[in-house]
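Asks: Sending over a structure as structure tokens; questions will come in a sec.
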Amino acid sequence: MKKHKILILLLSSLIAFSSCEKDDPDGPVGADGYDHFYYAGFLPWNNTATESVNRTQTTLVKFPVQFHSSFVRNYDAAAHFTLVTTGIANPAVLGQDFSVVDKSGNPIQATNGVYSLNFSQAKAKIDTIYFKVLNSSVAGTRRIEINLVQNNSAQYTVGTFTQAFKRFLEVK
């Protein structure tokens, strides 16, 4: 009886393993229609983080952004972000309290209120959004919200994660 149980168990295992299909390493990686769809999100992975700085701070304020991609492309992909003051009682003012800058501290300009963070060849990477505090003489704590927003282009789409699309900058 014990030999029969072992034989049945062995045959069952053999059938189970022989019916499995192996993954095709040359086959499709993602779902159809999403080969040119990427995601960007702030690190750490939440929407509650606030970077609180003194108005006299001279070092750049950094907001790391993770770009998710499984491919290397012949185009660069851009994650977009905007500055939001809606619902903020004492908003920080661009050009008065802070500037959006590159990693060298040079101001960058928005196009229709939208800034870009470029990812070469759409490769997965962590990059950074930089702000420079301008030592404004206006009293009080001021705040701005930075939101990653979806970017739809003819070649690709960069979406955002609902749990990691916004950050706050607070200037004291």
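Letters for chains follow the order of the structure tokens (A, B, ...), residue numbers begin at 1 for each chain, and ligand numbers begin at 1 in the order shown.
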If we count only C-alpha atoms, what is near Leu134 in chain A at a cut-off of 7 Å, once residues fewer than 4 positions away on the same chain are taken out, given as a PyMOL selection string?

Replies: chain A and resi 55+96-98

Asks: Excluding range 107-118 of chain A and any residue of its chain fewer than 5 positions from it, enumerate the residues within 9 Å of it, using only C-alpha atoms, and give them as a ChimeraX atom specification.

Replies: /A:65,76-83,99-102,127-129,131-132,149

Asks: Pick out the closest residue to Ala40 in chain A from this set: A:Val138, A:Ile144, A:Val72, A:Ile126. Count only C-alpha atoms.

Replies: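 Residue with the minimum atom-to-atom distance to Ala40 in chain A: A:Ile126.
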
Asks: Here is a test: counting only C-alpha atoms, which residue of A:Lys62, A:His68, A:Arg167, A:Lys103 is nearest to His36 in chain A?

Replies: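 Residue with the minimum atom-to-atom distance to His36 in chain A: A:His68.
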
Asks: Lys166 in chain A: which residues within 7 Å, counting only C-alpha atoms, same-chain residues fewer than 5 positions away excluded, as number ranges by chain?

Replies: A: 47, 145-148

Asks: Limited to C-alpha atoms, could you put the picked residues into a file as a tab-separated table (two decimals), in the first residue's frame?

Replies:
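What landed in selection_12.tsv:
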```tsv
chain	number	residue	atom	x	y	z
A	47	ASN	CA	2.26	61.57	-0.53
A	145	GLU	CA	2.89	71.54	-3.43
A	146	ILE	CA	4.90	69.79	-6.16
A	147	ASN	CA	2.85	67.33	-8.22
A	148	LEU	CA	4.02	64.80	-10.79
```

Asks: Please extract the residues of range 2-167 of chain A with a backbone DSSP assignment of helix (DSSP H, G or I) and present them as a ChimeraX atom specification.

Replies: /A:2-18,120-122

Asks: Take CA of Val61 in chain A and CA of Tyr130 in chain A and report the distance between them in Å, one decimal.

Replies: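 Value for the CA of Val61 in chain A-CA of Tyr130 in chain A distance: 5.6 Å.
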
Asks: Enter the distance from CA of Ser52 in chain A to CA of Ala89 in chain A, in Å, rounded to one decimal.

Replies: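 Between CA of Ser52 in chain A and CA of Ala89 in chain A the gap works out to 16.2 Å.
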
Asks: Thr157 in chain A: which residues within 6 Å, counting only C-alpha atoms, same-chain residues fewer than 5 positions away excluded, as an mmCIF file with N, CA and C atoms, in the first residue's frame?

Replies:
```cif
data_model
loop_
_atom_site.group_PDB
_atom_site.id
_atom_site.type_symbol
_atom_site.label_atom_id
_atom_site.label_comp_id
_atom_site.auth_asym_id
_atom_site.auth_seq_id
_atom_site.Cartn_x
_atom_site.Cartn_y
_atom_site.Cartn_z
ATOM 1 N N PHE A 37 4.626 52.761 -22.091
ATOM 2 C CA PHE A 37 3.985 53.377 -20.931
ATOM 3 C C PHE A 37 4.929 53.215 -19.745
ATOM 4 N N ASN A 151 2.233 62.624 -18.495
ATOM 5 C CA ASN A 151 2.759 63.198 -19.729
ATOM 6 C C ASN A 151 2.389 62.267 -20.878
ATOM 7 N N ASN A 152 1.523 62.729 -21.762
ATOM 8 C CA ASN A 152 1.135 61.969 -22.961
ATOM 9 C C ASN A 152 1.818 62.589 -24.164
#
```

Asks: Calculated over only C-alpha atoms, which of the candidates A:Thr48, A:Phe168, A:Pro91, A:Asp35 has the smallest distance to Gly140 in chain A?

Replies: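 Looking only at the distances to Gly140 in chain A, the closest residue turns out to be A:Pro91.
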
Asks: Could you please determine the separation between CA of Ser120 in chain A and CA of Leu94 in chain A in Å, to one decimal place?

Replies: 27.7 Å

Asks: Pick the closest to Phe63 in chain A from A:Asn135, A:Gly159, A:Ala164, A:Gln150: which is it, counting only C-alpha atoms?

Replies: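 Going through A:Asn135, A:Gly159, A:Ala164, A:Gln150 one by one, the smallest distance to Phe63 in chain A is for A:Ala164.
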